[in-house]
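Please read the structure below before turning to the comments.
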Amino acid sequence: MSDLPTAAVDEITDPDDPRIADYRALTDVELRTRWEPPNGLFIAEGGLVLRRALRAGYRPRSFLVDGKRLDQLGDLDTGGAPVYAARPAVLERATGFHVHRGVLASFHRRPLPDVPEVLHDARRVVVLEDVNNHTNLGAIFRGAAALGVDAVLLSPTCADPLYRRSVRVSMGEVFAVPYAKFDRWPAGLAEVRAAGFALLALTPAPDAVPLQRLTPAQRQRAALLLGAEGAGLTPAAQAASDTRVVIPMRRNVDSLNVAAAAAVALWELARDDPPQPAA
(Lines give C-alpha, C1' and ligand atoms only; values in the text may rest on other atoms or scores of the structure.)
Protein backbone atom coordinates (compact mmCIF):
# COMPACT_ATOMS: atom_id res chain seq x y z
CA MET A 1 0.00 0.00 0.00
CA SER A 2 0.98 3.63 -0.48
CA ASP A 3 2.38 5.74 2.33
CA LEU A 4 0.02 8.49 1.19
CA PRO A 5 -2.74 9.10 3.68
CA THR A 6 -6.07 7.77 2.48
CA ALA A 7 -7.62 11.23 2.73
CA ALA A 8 -5.03 12.56 0.26
CA VAL A 9 -6.29 10.31 -2.56
CA ASP A 10 -9.53 11.01 -4.41
CA GLU A 11 -11.04 8.23 -6.48
CA ILE A 12 -12.18 9.12 -10.00
CA THR A 13 -14.93 6.98 -11.50
CA ASP A 14 -16.12 9.30 -14.30
CA PRO A 15 -13.67 9.98 -17.15
CA ASP A 16 -15.39 13.34 -17.69
CA ASP A 17 -14.79 14.43 -14.10
CA PRO A 18 -13.73 18.11 -14.34
CA ARG A 19 -11.05 17.56 -11.70
CA ILE A 20 -8.96 15.67 -14.26
CA ALA A 21 -9.51 18.09 -17.16
CA ASP A 22 -5.73 18.53 -17.45
CA TYR A 23 -5.48 14.94 -18.71
CA ARG A 24 -8.24 15.00 -21.30
CA ALA A 25 -7.48 13.54 -24.78
CA LEU A 26 -3.70 13.38 -24.37
CA THR A 27 -3.21 11.84 -27.83
CA ASP A 28 -4.85 14.77 -29.65
CA VAL A 29 -1.81 16.89 -30.56
CA GLU A 30 -3.79 19.85 -31.89
CA LEU A 31 -6.06 19.96 -28.85
CA ARG A 32 -3.17 19.63 -26.41
CA THR A 33 -1.18 22.32 -28.21
CA ARG A 34 -4.12 24.70 -27.85
CA TRP A 35 -4.74 23.70 -24.23
CA GLU A 36 -1.41 23.22 -22.46
CA PRO A 37 0.78 26.30 -23.10
CA PRO A 38 -2.08 28.83 -22.79
CA ASN A 39 -3.13 27.23 -19.51
CA GLY A 40 0.43 27.08 -18.23
CA LEU A 41 0.71 23.33 -17.77
CA PHE A 42 2.41 20.24 -19.13
CA ILE A 43 1.98 16.51 -18.57
CA ALA A 44 4.66 14.09 -17.34
CA GLU A 45 4.17 10.36 -17.90
CA GLY A 46 5.81 7.70 -15.76
CA GLY A 47 7.43 7.71 -12.35
CA LEU A 48 10.96 8.43 -13.58
CA VAL A 49 9.93 11.44 -15.64
CA LEU A 50 7.70 13.03 -13.01
CA ARG A 51 10.45 12.62 -10.41
CA ARG A 52 12.85 14.44 -12.71
CA ALA A 53 10.32 17.23 -13.12
CA LEU A 54 10.00 17.53 -9.36
CA ARG A 55 13.77 17.48 -8.93
CA ALA A 56 14.08 20.27 -11.51
CA GLY A 57 11.74 22.40 -9.39
CA TYR A 58 8.54 22.22 -11.42
CA ARG A 59 5.47 22.59 -9.23
CA PRO A 60 2.81 19.86 -9.56
CA ARG A 61 -0.84 20.70 -10.21
CA SER A 62 -2.12 17.16 -9.68
CA PHE A 63 -1.33 13.47 -10.05
CA LEU A 64 -3.47 10.85 -11.83
CA VAL A 65 -2.62 7.25 -11.02
CA ASP A 66 -3.80 3.74 -11.68
CA GLY A 67 -5.24 2.83 -8.28
CA LYS A 68 -3.02 -0.27 -8.11
CA ARG A 69 0.11 1.86 -8.47
CA LEU A 70 -0.38 4.36 -5.70
CA ASP A 71 2.66 2.89 -3.99
CA GLN A 72 4.80 4.53 -6.71
CA LEU A 73 4.02 7.89 -5.11
CA GLY A 74 4.47 6.73 -1.55
CA ASP A 75 7.83 8.43 -1.03
CA LEU A 76 7.03 11.65 -2.88
CA ASP A 77 6.38 15.07 -1.45
CA THR A 78 3.37 15.97 -3.59
CA GLY A 79 3.52 19.58 -2.47
CA GLY A 80 -0.13 19.50 -1.49
CA ALA A 81 -1.24 18.80 -5.06
CA PRO A 82 -4.29 16.53 -5.29
CA VAL A 83 -3.77 12.86 -6.08
CA TYR A 84 -6.46 11.16 -8.13
CA ALA A 85 -6.73 7.38 -8.53
CA ALA A 86 -8.78 5.54 -11.14
CA ARG A 87 -9.16 2.14 -12.72
CA PRO A 88 -7.30 1.55 -16.02
CA ALA A 89 -10.53 1.68 -18.06
CA VAL A 90 -11.35 5.13 -16.67
CA LEU A 91 -7.81 6.35 -17.33
CA GLU A 92 -7.97 5.12 -20.91
CA ARG A 93 -11.31 6.79 -21.61
CA ALA A 94 -10.14 10.09 -20.10
CA THR A 95 -6.70 10.24 -21.72
CA GLY A 96 -7.38 8.46 -25.01
CA PHE A 97 -4.74 5.77 -24.59
CA HIS A 98 -3.78 2.86 -22.37
CA VAL A 99 -1.70 4.41 -19.58
CA HIS A 100 0.63 1.44 -19.28
CA ARG A 101 3.08 3.30 -17.03
CA GLY A 102 0.20 3.87 -14.64
CA VAL A 103 1.29 7.31 -13.43
CA LEU A 104 0.63 10.77 -14.86
CA ALA A 105 1.22 14.21 -13.40
CA SER A 106 0.27 17.71 -14.44
CA PHE A 107 2.82 20.43 -13.73
CA HIS A 108 2.88 24.22 -13.82
CA ARG A 109 5.09 25.66 -16.54
CA ARG A 110 7.69 28.27 -15.72
CA PRO A 111 8.39 31.46 -17.68
CA LEU A 112 10.92 30.80 -20.41
CA PRO A 113 14.26 32.59 -20.12
CA ASP A 114 15.32 34.76 -23.04
CA VAL A 115 18.15 33.93 -25.42
CA PRO A 116 20.82 36.12 -23.79
CA GLU A 117 20.03 34.60 -20.40
CA VAL A 118 20.61 30.99 -21.50
CA LEU A 119 23.72 31.97 -23.46
CA HIS A 120 25.31 33.82 -20.56
CA ASP A 121 27.09 30.87 -18.94
CA ALA A 122 26.94 28.45 -21.88
CA ARG A 123 29.93 27.05 -23.74
CA ARG A 124 28.21 24.79 -26.27
CA VAL A 125 24.63 25.09 -27.54
CA VAL A 126 22.27 23.48 -30.02
CA VAL A 127 20.12 25.65 -32.28
CA LEU A 128 17.06 24.06 -33.90
CA GLU A 129 15.13 25.34 -36.91
CA ASP A 130 11.59 24.09 -37.63
CA VAL A 131 12.06 20.84 -35.66
CA ASN A 132 8.37 20.15 -35.12
CA ASN A 133 8.43 16.38 -34.63
CA HIS A 134 8.03 15.79 -30.89
CA THR A 135 9.88 12.47 -30.93
CA ASN A 136 12.92 13.99 -32.64
CA LEU A 137 12.83 16.98 -30.32
CA GLY A 138 12.80 14.82 -27.21
CA ALA A 139 15.64 12.66 -28.53
CA ILE A 140 17.72 15.74 -29.30
CA PHE A 141 17.26 17.02 -25.75
CA ARG A 142 18.31 13.65 -24.34
CA GLY A 143 21.43 13.65 -26.49
CA ALA A 144 22.17 17.26 -25.60
CA ALA A 145 22.01 16.46 -21.89
CA ALA A 146 24.24 13.42 -22.28
CA LEU A 147 26.85 15.09 -24.47
CA GLY A 148 27.54 18.28 -22.58
CA VAL A 149 25.29 20.85 -24.23
CA ASP A 150 24.55 23.82 -22.00
CA ALA A 151 21.43 25.16 -23.75
CA VAL A 152 19.04 24.58 -26.65
CA LEU A 153 17.71 27.47 -28.72
CA LEU A 154 14.54 27.06 -30.79
CA SER A 155 13.26 28.87 -33.84
CA PRO A 156 9.70 30.20 -33.44
CA THR A 157 8.28 27.27 -35.43
CA CYS A 158 9.80 24.45 -33.35
CA ALA A 159 7.63 22.04 -31.40
CA ASP A 160 7.00 22.39 -27.68
CA PRO A 161 9.72 20.63 -25.63
CA LEU A 162 7.22 20.14 -22.80
CA TYR A 163 4.68 18.27 -24.90
CA ARG A 164 4.13 14.82 -23.34
CA ARG A 165 5.82 12.84 -26.13
CA SER A 166 8.89 15.09 -26.15
CA VAL A 167 9.18 14.85 -22.37
CA ARG A 168 8.80 11.07 -22.43
CA VAL A 169 11.27 10.45 -25.29
CA SER A 170 13.82 12.69 -23.59
CA MET A 171 13.37 10.63 -20.39
CA GLY A 172 12.81 13.93 -18.60
CA GLU A 173 16.07 15.47 -19.82
CA VAL A 174 14.11 18.43 -21.21
CA PHE A 175 14.09 19.55 -17.58
CA ALA A 176 17.90 19.37 -17.36
CA VAL A 177 18.88 21.54 -20.34
CA PRO A 178 17.88 25.23 -20.35
CA TYR A 179 16.15 26.37 -23.52
CA ALA A 180 14.79 29.55 -25.06
CA LYS A 181 12.92 30.59 -28.21
CA PHE A 182 14.01 33.22 -30.70
CA ASP A 183 11.58 36.03 -31.40
CA ARG A 184 13.11 36.60 -34.84
CA TRP A 185 14.51 34.01 -37.22
CA PRO A 186 17.12 33.78 -38.58
CA ALA A 187 17.99 37.32 -37.50
CA GLY A 188 18.21 36.13 -33.89
CA LEU A 189 21.32 34.14 -34.75
CA ALA A 190 23.23 37.42 -34.58
CA GLU A 191 22.73 37.31 -30.79
CA VAL A 192 24.46 33.93 -30.67
CA ARG A 193 27.40 35.16 -32.73
CA ALA A 194 27.65 38.31 -30.61
CA ALA A 195 27.91 36.10 -27.51
CA GLY A 196 31.08 34.58 -28.95
CA PHE A 197 29.81 31.38 -30.52
CA ALA A 198 30.86 29.86 -33.82
CA LEU A 199 27.67 29.09 -35.76
CA LEU A 200 28.05 25.63 -37.32
CA ALA A 201 25.28 24.67 -39.76
CA LEU A 202 24.95 20.90 -40.15
CA THR A 203 24.13 19.94 -43.73
CA PRO A 204 24.73 16.93 -46.01
CA ALA A 205 26.15 19.25 -48.70
CA PRO A 206 29.29 17.72 -50.27
CA ASP A 207 31.20 21.01 -50.10
CA ALA A 208 30.68 21.43 -46.33
CA VAL A 209 33.57 21.04 -43.89
CA PRO A 210 33.84 17.56 -42.33
CA LEU A 211 33.19 17.85 -38.60
CA GLN A 212 36.46 16.21 -37.65
CA ARG A 213 38.38 18.98 -39.43
CA LEU A 214 37.07 21.80 -37.27
CA THR A 215 39.69 23.80 -35.45
CA PRO A 216 39.95 23.85 -31.65
CA ALA A 217 38.70 27.46 -31.73
CA GLN A 218 35.57 26.43 -33.64
CA ARG A 219 34.90 23.64 -31.17
CA GLN A 220 35.52 25.72 -28.07
CA ARG A 221 32.29 27.76 -28.23
CA ALA A 222 30.15 26.00 -30.78
CA ALA A 223 26.52 26.60 -31.67
CA LEU A 224 25.38 23.60 -33.72
CA LEU A 225 22.48 24.41 -36.07
CA LEU A 226 20.13 21.60 -37.12
CA GLY A 227 17.04 21.68 -39.29
CA ALA A 228 13.87 19.65 -39.58
CA GLU A 229 13.82 16.02 -40.65
CA GLY A 230 14.04 15.81 -44.44
CA ALA A 231 14.08 19.51 -45.23
CA GLY A 232 17.17 20.31 -43.20
CA LEU A 233 18.29 23.86 -42.58
CA THR A 234 16.84 26.56 -44.79
CA PRO A 235 19.19 28.48 -47.11
CA ALA A 236 18.64 31.57 -44.92
CA ALA A 237 19.80 29.76 -41.79
CA GLN A 238 22.83 28.35 -43.58
CA ALA A 239 23.70 31.79 -44.92
CA ALA A 240 23.52 33.21 -41.39
CA SER A 241 26.00 30.61 -40.08
CA ASP A 242 29.78 30.91 -39.94
CA THR A 243 30.63 27.44 -41.25
CA ARG A 244 28.65 24.70 -42.97
CA VAL A 245 29.66 21.31 -41.59
CA VAL A 246 28.93 17.73 -42.58
CA ILE A 247 29.07 14.26 -41.04
CA PRO A 248 30.94 12.17 -43.64
CA MET A 249 28.74 9.33 -44.91
CA ARG A 250 29.44 5.96 -46.45
CA ARG A 251 27.60 3.50 -48.70
CA ASN A 252 25.81 6.35 -50.47
CA VAL A 253 23.70 7.20 -47.42
CA ASP A 254 22.93 10.89 -47.77
CA SER A 255 21.95 11.79 -44.20
CA LEU A 256 20.87 10.62 -40.75
CA ASN A 257 17.74 11.18 -38.71
CA VAL A 258 18.11 14.63 -37.16
CA ALA A 259 18.33 13.28 -33.61
CA ALA A 260 20.99 10.74 -34.62
CA ALA A 261 22.89 13.41 -36.53
CA ALA A 262 22.78 15.68 -33.50
CA ALA A 263 24.20 12.95 -31.26
CA VAL A 264 27.05 12.15 -33.67
CA ALA A 265 27.94 15.81 -34.18
CA LEU A 266 27.78 16.64 -30.48
CA TRP A 267 30.00 13.69 -29.61
CA GLU A 268 32.55 14.87 -32.16
CA LEU A 269 32.47 18.44 -30.84
CA ALA A 270 32.94 17.25 -27.27
CA ARG A 271 35.43 14.43 -27.87
CA ASP A 272 38.37 16.31 -26.33
CA ASP A 273 36.45 17.57 -23.30
CA PRO A 274 37.75 16.36 -19.93
CA PRO A 275 35.65 13.56 -18.41
CA GLN A 276 32.88 14.67 -16.09
CA PRO A 277 32.58 13.12 -12.64
CA ALA A 278 29.48 11.03 -12.04
CA ALA A 279 26.65 12.91 -10.36
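Residues are named by chain letter and number: chains run A, B, ... in the order of the C-alpha coordinates, numbers start at 1 in each chain, and ligands are numbered from 1 in the order shown.
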As a list in words, please: the residues near Phe97 (chain A) (cut-off 12 Å, only C-alpha atoms, same-chain neighbours under 2 positions excluded).
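Within the cut-off, the hits are Tyr23, Arg24, Ala25, Leu26, Thr27, Asp28, Pro88, Ala89, Val90, Leu91, Glu92, Arg93, Ala94, Thr95, Val99, His100, Arg101 and Gly102 of chain A.
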Need the shell around Leu112 (chain A): protein/DNA/RNA residues with any atom at most 10 Å away, counting only C-alpha atoms. Skip same-chain ones fewer than 3 positions apart. Format as a ChimeraX atom specification?
/A:109,115,117-118,178-181
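With distances restricted to only C-alpha atoms, A:Pro111 is the closest residue to Gly40 (chain A) from A:Gly74, A:Pro111, A:Gly188, A:Gly230.
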Hey, which of A:Leu233, A:Leu70, A:Leu226, A:Met249 ends up closest to Ala8 (chain A)? Count only C-alpha atoms.
A:Leu70
In region 72-224 of chain A, what's alpha helix (DSSP H) per DSSP? Answer as a ChimeraX atom specification?
/A:88-95,115-119,134-146,164-169,189-194,216-220
